[in-house]
Structures are given as structure tokens and as C-alpha cells.
>>> print(open('upload.cif').read())   # mmCIF, C-alpha atoms and all ligand atoms
data_final
#
loop_
_atom_site.label_atom_id
_atom_site.label_comp_id
_atom_site.auth_asym_id
_atom_site.auth_seq_id
_atom_site.Cartn_x
_atom_site.Cartn_y
_atom_site.Cartn_z
CA MET A 13 9.20 14.61 10.80
CA VAL A 14 5.56 13.45 10.68
CA LYS A 15 5.24 9.66 10.88
CA ILE A 16 2.72 7.87 8.71
CA GLU A 17 1.61 4.96 10.85
CA GLY A 18 -1.33 2.87 12.06
CA ASN A 19 -4.67 3.35 10.31
CA CYS A 20 -3.37 6.27 8.23
CA LYS A 21 -0.64 4.06 6.79
CA ASP A 22 -3.26 1.44 5.88
CA ILE A 23 -5.54 4.07 4.34
CA ILE A 24 -2.71 5.53 2.24
CA ASP A 25 -1.82 2.00 1.13
CA LYS A 26 -5.38 1.29 0.03
CA ALA A 27 -7.21 4.50 -0.96
CA GLU A 28 -8.49 4.36 -4.51
CA TRP A 29 -8.47 8.09 -5.08
CA VAL A 30 -7.40 11.20 -3.23
CA ALA A 31 -8.89 14.71 -3.13
CA VAL A 32 -6.44 17.62 -3.34
CA ALA A 33 -7.57 21.02 -2.02
CA THR A 34 -5.96 24.43 -2.38
CA THR A 35 -7.05 28.00 -1.73
CA GLY A 36 -7.52 30.47 -4.55
CA VAL A 37 -8.42 34.14 -4.61
CA ASP A 38 -11.96 33.12 -5.59
CA GLY A 39 -12.24 30.43 -2.91
CA PRO A 40 -11.45 26.75 -2.44
CA GLN A 41 -10.45 24.48 -5.30
CA LEU A 42 -10.57 20.70 -5.50
CA SER A 43 -8.53 18.46 -7.75
CA ALA A 44 -7.92 14.71 -7.46
CA THR A 45 -5.50 11.92 -8.13
CA TRP A 46 -5.45 8.13 -7.97
CA GLY A 47 -3.96 6.45 -4.90
CA ASP A 48 -1.97 4.03 -7.03
CA TYR A 49 -0.28 6.90 -8.89
CA ILE A 50 1.06 8.19 -5.59
CA ARG A 51 2.03 4.70 -4.42
CA THR A 52 3.88 4.10 -7.70
CA LEU A 53 6.08 7.16 -7.03
CA GLY A 54 6.45 6.29 -3.35
CA ILE A 55 6.31 8.56 -0.31
CA ARG A 56 9.84 9.93 -0.13
CA ASP A 57 11.64 10.02 3.23
CA GLY A 58 8.27 9.11 4.75
CA GLU A 59 7.07 12.70 4.41
CA ILE A 60 6.97 13.80 0.77
CA VAL A 61 4.00 12.87 -1.41
CA LEU A 62 4.41 13.06 -5.20
CA VAL A 63 1.54 13.39 -7.68
CA PRO A 64 2.10 13.19 -11.46
CA ILE A 65 0.22 16.01 -13.11
CA ALA A 66 -1.01 16.67 -16.60
CA GLY A 67 -3.26 19.64 -15.84
CA TYR A 68 -3.55 21.10 -12.36
CA TYR A 69 -3.14 24.63 -13.72
CA GLY A 70 -5.62 25.98 -11.18
CA THR A 71 -3.80 24.22 -8.35
CA GLU A 72 -0.49 25.57 -9.66
CA ARG A 73 -1.85 29.13 -9.72
CA ASN A 74 -3.18 28.78 -6.20
CA LEU A 75 0.01 27.29 -4.77
CA ALA A 76 2.08 30.14 -6.21
CA LYS A 77 0.15 32.52 -3.91
CA ASP A 78 -0.65 30.23 -0.99
CA SER A 79 1.35 27.01 -0.62
CA ARG A 80 -1.00 25.39 1.92
CA ILE A 81 -2.55 22.18 0.62
CA GLU A 82 -4.76 19.41 1.98
CA MET A 83 -5.22 15.87 0.70
CA LEU A 84 -8.10 13.61 1.74
CA TRP A 85 -7.65 9.87 1.37
CA ALA A 86 -10.39 7.33 2.09
CA THR A 87 -11.23 3.67 1.69
CA ARG A 88 -13.88 1.23 2.85
CA GLN A 89 -11.10 -1.36 3.25
CA VAL A 90 -9.87 0.09 6.55
CA HIS A 91 -12.12 0.04 9.60
CA GLY A 92 -12.80 3.24 11.47
CA LYS A 93 -14.52 3.66 14.85
CA TYR A 94 -17.94 3.31 13.23
CA GLY A 95 -17.41 0.34 10.92
CA PRO A 96 -15.84 -0.41 7.57
CA GLY A 97 -14.51 2.78 6.08
CA ASN A 98 -11.92 5.26 7.20
CA GLY A 99 -10.10 8.31 5.91
CA CYS A 100 -7.06 10.35 6.57
CA LYS A 101 -6.36 14.03 5.95
CA ILE A 102 -2.87 15.27 5.16
CA LYS A 103 -2.08 18.95 5.65
CA GLY A 104 1.10 20.27 4.16
CA ILE A 105 2.95 22.60 1.84
CA GLY A 106 2.69 22.04 -1.90
CA GLU A 107 4.77 23.01 -4.90
CA ILE A 108 4.54 22.08 -8.56
CA GLN A 109 7.95 21.24 -10.04
CA THR A 110 8.55 20.87 -13.79
CA SER A 111 12.18 19.74 -13.46
CA GLY A 112 14.46 18.04 -10.97
CA GLU A 113 14.59 14.59 -9.38
CA PHE A 114 10.90 14.33 -8.51
CA ALA A 115 9.67 15.66 -11.87
CA ASP A 116 12.00 13.25 -13.70
CA ALA A 117 10.63 10.32 -11.67
CA ALA A 118 7.03 11.34 -12.42
CA LYS A 119 7.71 11.75 -16.16
CA GLU A 120 9.52 8.43 -16.33
CA LYS A 121 6.65 6.45 -14.74
CA PHE A 122 3.87 8.56 -16.31
CA PRO A 123 4.93 9.77 -19.77
CA TRP A 124 1.83 11.99 -19.96
CA ALA A 125 2.93 14.01 -16.90
CA ARG A 126 4.07 17.59 -17.52
CA ALA A 127 5.24 18.06 -13.92
CA VAL A 128 4.94 16.74 -10.39
CA LEU A 129 3.07 18.06 -7.38
CA VAL A 130 5.35 17.81 -4.34
CA VAL A 131 3.59 17.85 -0.96
CA LYS A 132 5.63 18.08 2.24
CA ILE A 133 3.48 16.58 4.98
CA GLN A 134 3.08 18.70 8.12
CA GLU A 135 0.14 16.99 9.80
CA ILE A 136 -1.85 13.77 9.44
CA ILE A 137 -5.34 13.49 10.89
CA GLU A 138 -7.42 10.30 10.99
CA GLN A 139 -11.03 11.05 10.07
CA LEU A 140 -13.32 8.25 11.21
C1 LIG B 201 -10.23 10.40 -9.56
C2 LIG B 201 -9.45 11.41 -10.34
C3 LIG B 201 -8.08 11.26 -10.48
C4 LIG B 201 -7.33 12.21 -11.20
N1 LIG B 201 -5.98 12.05 -11.28
C5 LIG B 201 -5.23 13.00 -11.88
C6 LIG B 201 -3.81 12.92 -11.85
O1 LIG B 201 -3.22 12.04 -11.26
N2 LIG B 201 -3.11 13.90 -12.50
C7 LIG B 201 -3.73 14.94 -13.14
O2 LIG B 201 -3.04 15.76 -13.72
N3 LIG B 201 -5.08 15.06 -13.14
C8 LIG B 201 -5.84 14.13 -12.52
N4 LIG B 201 -7.21 14.24 -12.49
C9 LIG B 201 -7.84 15.40 -13.13
C10 LIG B 201 -7.75 16.66 -12.25
O3 LIG B 201 -8.30 16.49 -10.97
C11 LIG B 201 -8.50 17.79 -12.95
O4 LIG B 201 -7.97 17.99 -14.24
C12 LIG B 201 -8.44 19.06 -12.17
O5 LIG B 201 -9.28 19.95 -12.77
C13 LIG B 201 -7.00 19.57 -12.02
O6 LIG B 201 -6.84 20.84 -12.49
P1 LIG B 201 -7.01 22.17 -11.58
O7 LIG B 201 -5.95 22.15 -10.51
O8 LIG B 201 -6.83 23.24 -12.57
O9 LIG B 201 -8.40 22.09 -11.02
C14 LIG B 201 -7.98 13.32 -11.78
C15 LIG B 201 -9.36 13.47 -11.62
C16 LIG B 201 -10.09 12.54 -10.91
C17 LIG B 201 -11.56 12.76 -10.74
#
>>> encode(input="upload.cif", output="C-alpha cells", more="lines below")
Ligand SMILES: Cc1cc2nc3c(=O)[nH]c(=O)nc-3n(C[C@H](O)[C@H](O)[C@H](O)COP(=O)(O)O)c2cc1C
Amino acid sequence: MVKIEGNCKDIIDKAEWVAVATTGVDGPQLSATWGDYIRTLGIRDGEIVLVPIAGYYGTERNLAKDSRIEMLWATRQVHGKYGPGNGCKIKGIGEIQTSGEFADAAKEKFPWARAVLVVKIQEIIEQL
């Protein structure tokens, strides 16, 4: 199990928004979410990140062929080696689920959500 600790824990607690990258047949694709959306759903068992999704059709298409996913979190509120501002990259495996426990939780907290993006963390890398 990957442990979220130290600066990365602080960054995940404070990041305003998060970039979400997948790989498609035509190249890379970026989507995003708000940090507080993820915090509202909570990081399950310390290693599963949940994102409520309304769209994300491109991400869904990509994940069906290649489940690798990366998330980049950043905030000026956590100091890095070079001053105020630090980030953290999560590498993992992603899946979009339209039903089940995680999808139900996302739809309950965010009635606009059609599904949930479930990311199982494999690696956490501090950036700055
Ligand atoms: C800061 C920010 C936060 C966003 N948060 C969400 C979100 O939580 N859920 C969602 O469905 N879309 C969110 N979006 C919109 C998606 O990133 C956008 O619709 C994107 O194109 C996803 O679809 P795709 O995977 O097809 O590219 C957000 C966009 C930005 C810029």
C-alpha cells in the first residue's frame, strides 16, 4: 500500500484543483477536478481517490484501452525546496464506475455526477 504522508499529504489537503492525465490513441489528454470534490469523497483506505464526474467521456474512452492515469496536485500553501509552492504527482490505475459503492457516494454528494472516477494509487512523487 502506498502511504500518503508528509508534504504530499499537506498538498492533497490543500490543492485547489487537480490535473488528470490519460493516454489516448491520438496522444495525451488532460482533464481536471477540484481538490475539495476529492476531499469531500475522502481517500478510501488511504489509497483510492474518487472524482465525481459529469463528462470525462474522453478520459473514459482512454481508460478503457489504457488504464494508466496520472494526477497532478499543487498549491502555494505548502513549501517546497525552493519556497512557497509545492506539488505532488500520483500515478495509478483508473476506472470509471457508473454503479456500486463509490458511484453511489459520488452521486449522493454531487447530484450532477453521472459516475465516479476511481484511481488506485501506485506511486506518489513530490514535485518541488
Ligand atoms: C478546475 C476544473 C475542475 C473540473 N472539475 C470537474 C469535475 O470534478 N468533474 C467533471 O466531470 N468535470 C470537471 N471539469 C471539467 C472537465 O475537466 C472537462 O469537462 C474535461 O473535458 C473532461 O472531459 P474529457 O475527459 O472528455 O476531456 C473541471 C474542469 C476544470 C478546469
>>> closest_atom_pairs(input="upload.cif", of="chain A", to="ligand LIG 201 (chain B)", cutoff="9 Å", atoms="only C-alpha atoms and all ligand atoms", output="Markdown table")
| residue | atom | partner | partner_atom | distance |
| --- | --- | --- | --- | --- |
| A:Glu28 | CA | B:LIG201 | C1 | 8.1 |
| A:Trp29 | CA | B:LIG201 | C1 | 5.3 |
| A:Val30 | CA | B:LIG201 | C1 | 7.0 |
| A:Ala31 | CA | B:LIG201 | C1 | 7.9 |
| A:Val32 | CA | B:LIG201 | O3 | 7.9 |
| A:Ala33 | CA | B:LIG201 | O7 | 8.7 |
| A:Thr34 | CA | B:LIG201 | O7 | 8.4 |
| A:Gln41 | CA | B:LIG201 | O9 | 6.5 |
| A:Leu42 | CA | B:LIG201 | O9 | 6.1 |
| A:Ser43 | CA | B:LIG201 | O3 | 3.8 |
| A:Ala44 | CA | B:LIG201 | O3 | 4.0 |
| A:Thr45 | CA | B:LIG201 | N1 | 3.2 |
| A:Trp46 | CA | B:LIG201 | C3 | 4.8 |
| A:Gly47 | CA | B:LIG201 | C3 | 8.4 |
| A:Tyr49 | CA | B:LIG201 | O1 | 6.4 |
| A:Ile50 | CA | B:LIG201 | O1 | 8.1 |
| A:Val63 | CA | B:LIG201 | O1 | 6.1 |
| A:Pro64 | CA | B:LIG201 | N2 | 5.4 |
| A:Ile65 | CA | B:LIG201 | O2 | 3.3 |
| A:Ala66 | CA | B:LIG201 | O2 | 3.6 |
| A:Gly67 | CA | B:LIG201 | O2 | 4.4 |
| A:Tyr68 | CA | B:LIG201 | O7 | 3.2 |
| A:Tyr69 | CA | B:LIG201 | O8 | 4.1 |
| A:Gly70 | CA | B:LIG201 | O8 | 3.3 |
| A:Thr71 | CA | B:LIG201 | O7 | 3.7 |
| A:Glu72 | CA | B:LIG201 | O7 | 6.5 |
| A:Arg73 | CA | B:LIG201 | O7 | 8.1 |
| A:Asn74 | CA | B:LIG201 | O7 | 8.4 |
| A:Trp124 | CA | B:LIG201 | O2 | 8.8 |
| A:Ala125 | CA | B:LIG201 | O2 | 7.0 |
| A:Arg126 | CA | B:LIG201 | O2 | 8.3 |
| A:Ala127 | CA | B:LIG201 | O2 | 8.6 |
| A:Val128 | CA | B:LIG201 | O2 | 8.7 |
>>> residues_around(input="upload.cif", residues="stretch 56-62 of chain A", least_positions_apart="6", cutoff="9 Å", atoms="only C-alpha atoms", output="VMD selection string")
chain A and resid 13 to 16 49 to 50 114 to 115 118 128 to 134
>>> residues_around(input="upload.cif", residues="A:Asp25", least_positions_apart="4", cutoff="12 Å", atoms="all atoms listed in the file", output="VMD selection string")
chain A and resid 16 to 21 29 to 30 46 to 52 54 to 55 85 to 87 89 to 90 99 to 100
>>> closest_residue(input="upload.cif", among="A:Lys26, A:Ala117, A:Ile102, A:Tyr94", to="A:Glu82", atoms="only C-alpha atoms")
A:Ile102
>>> atom_distance(input="upload.cif", atom1="atom CA of A:Ile81", atom2="atom CA of A:Thr110")
18.2 Å
>>> closest_residue(input="upload.cif", among="A:Val37, A:Leu53, A:Lys77, A:Ile137", to="A:Ile105", atoms="all atoms listed in the file")
A:Lys77
>>> closest_residue(input="upload.cif", among="A:Gly106, A:Lys121, A:Gly112, A:Glu138", to="A:Leu75", atoms="all atoms listed in the file")
A:Gly106
>>> closest_residue(input="upload.cif", among="A:Leu84, A:Ala76, A:Leu140, A:Ile108", to="A:Gly36", atoms="all atoms listed in the file")
A:Ala76
>>> closest_residue(input="upload.cif", among="A:Ile23, A:Pro123, A:Lys101, A:Glu107", to="A:Met83", atoms="only C-alpha atoms")
A:Lys101
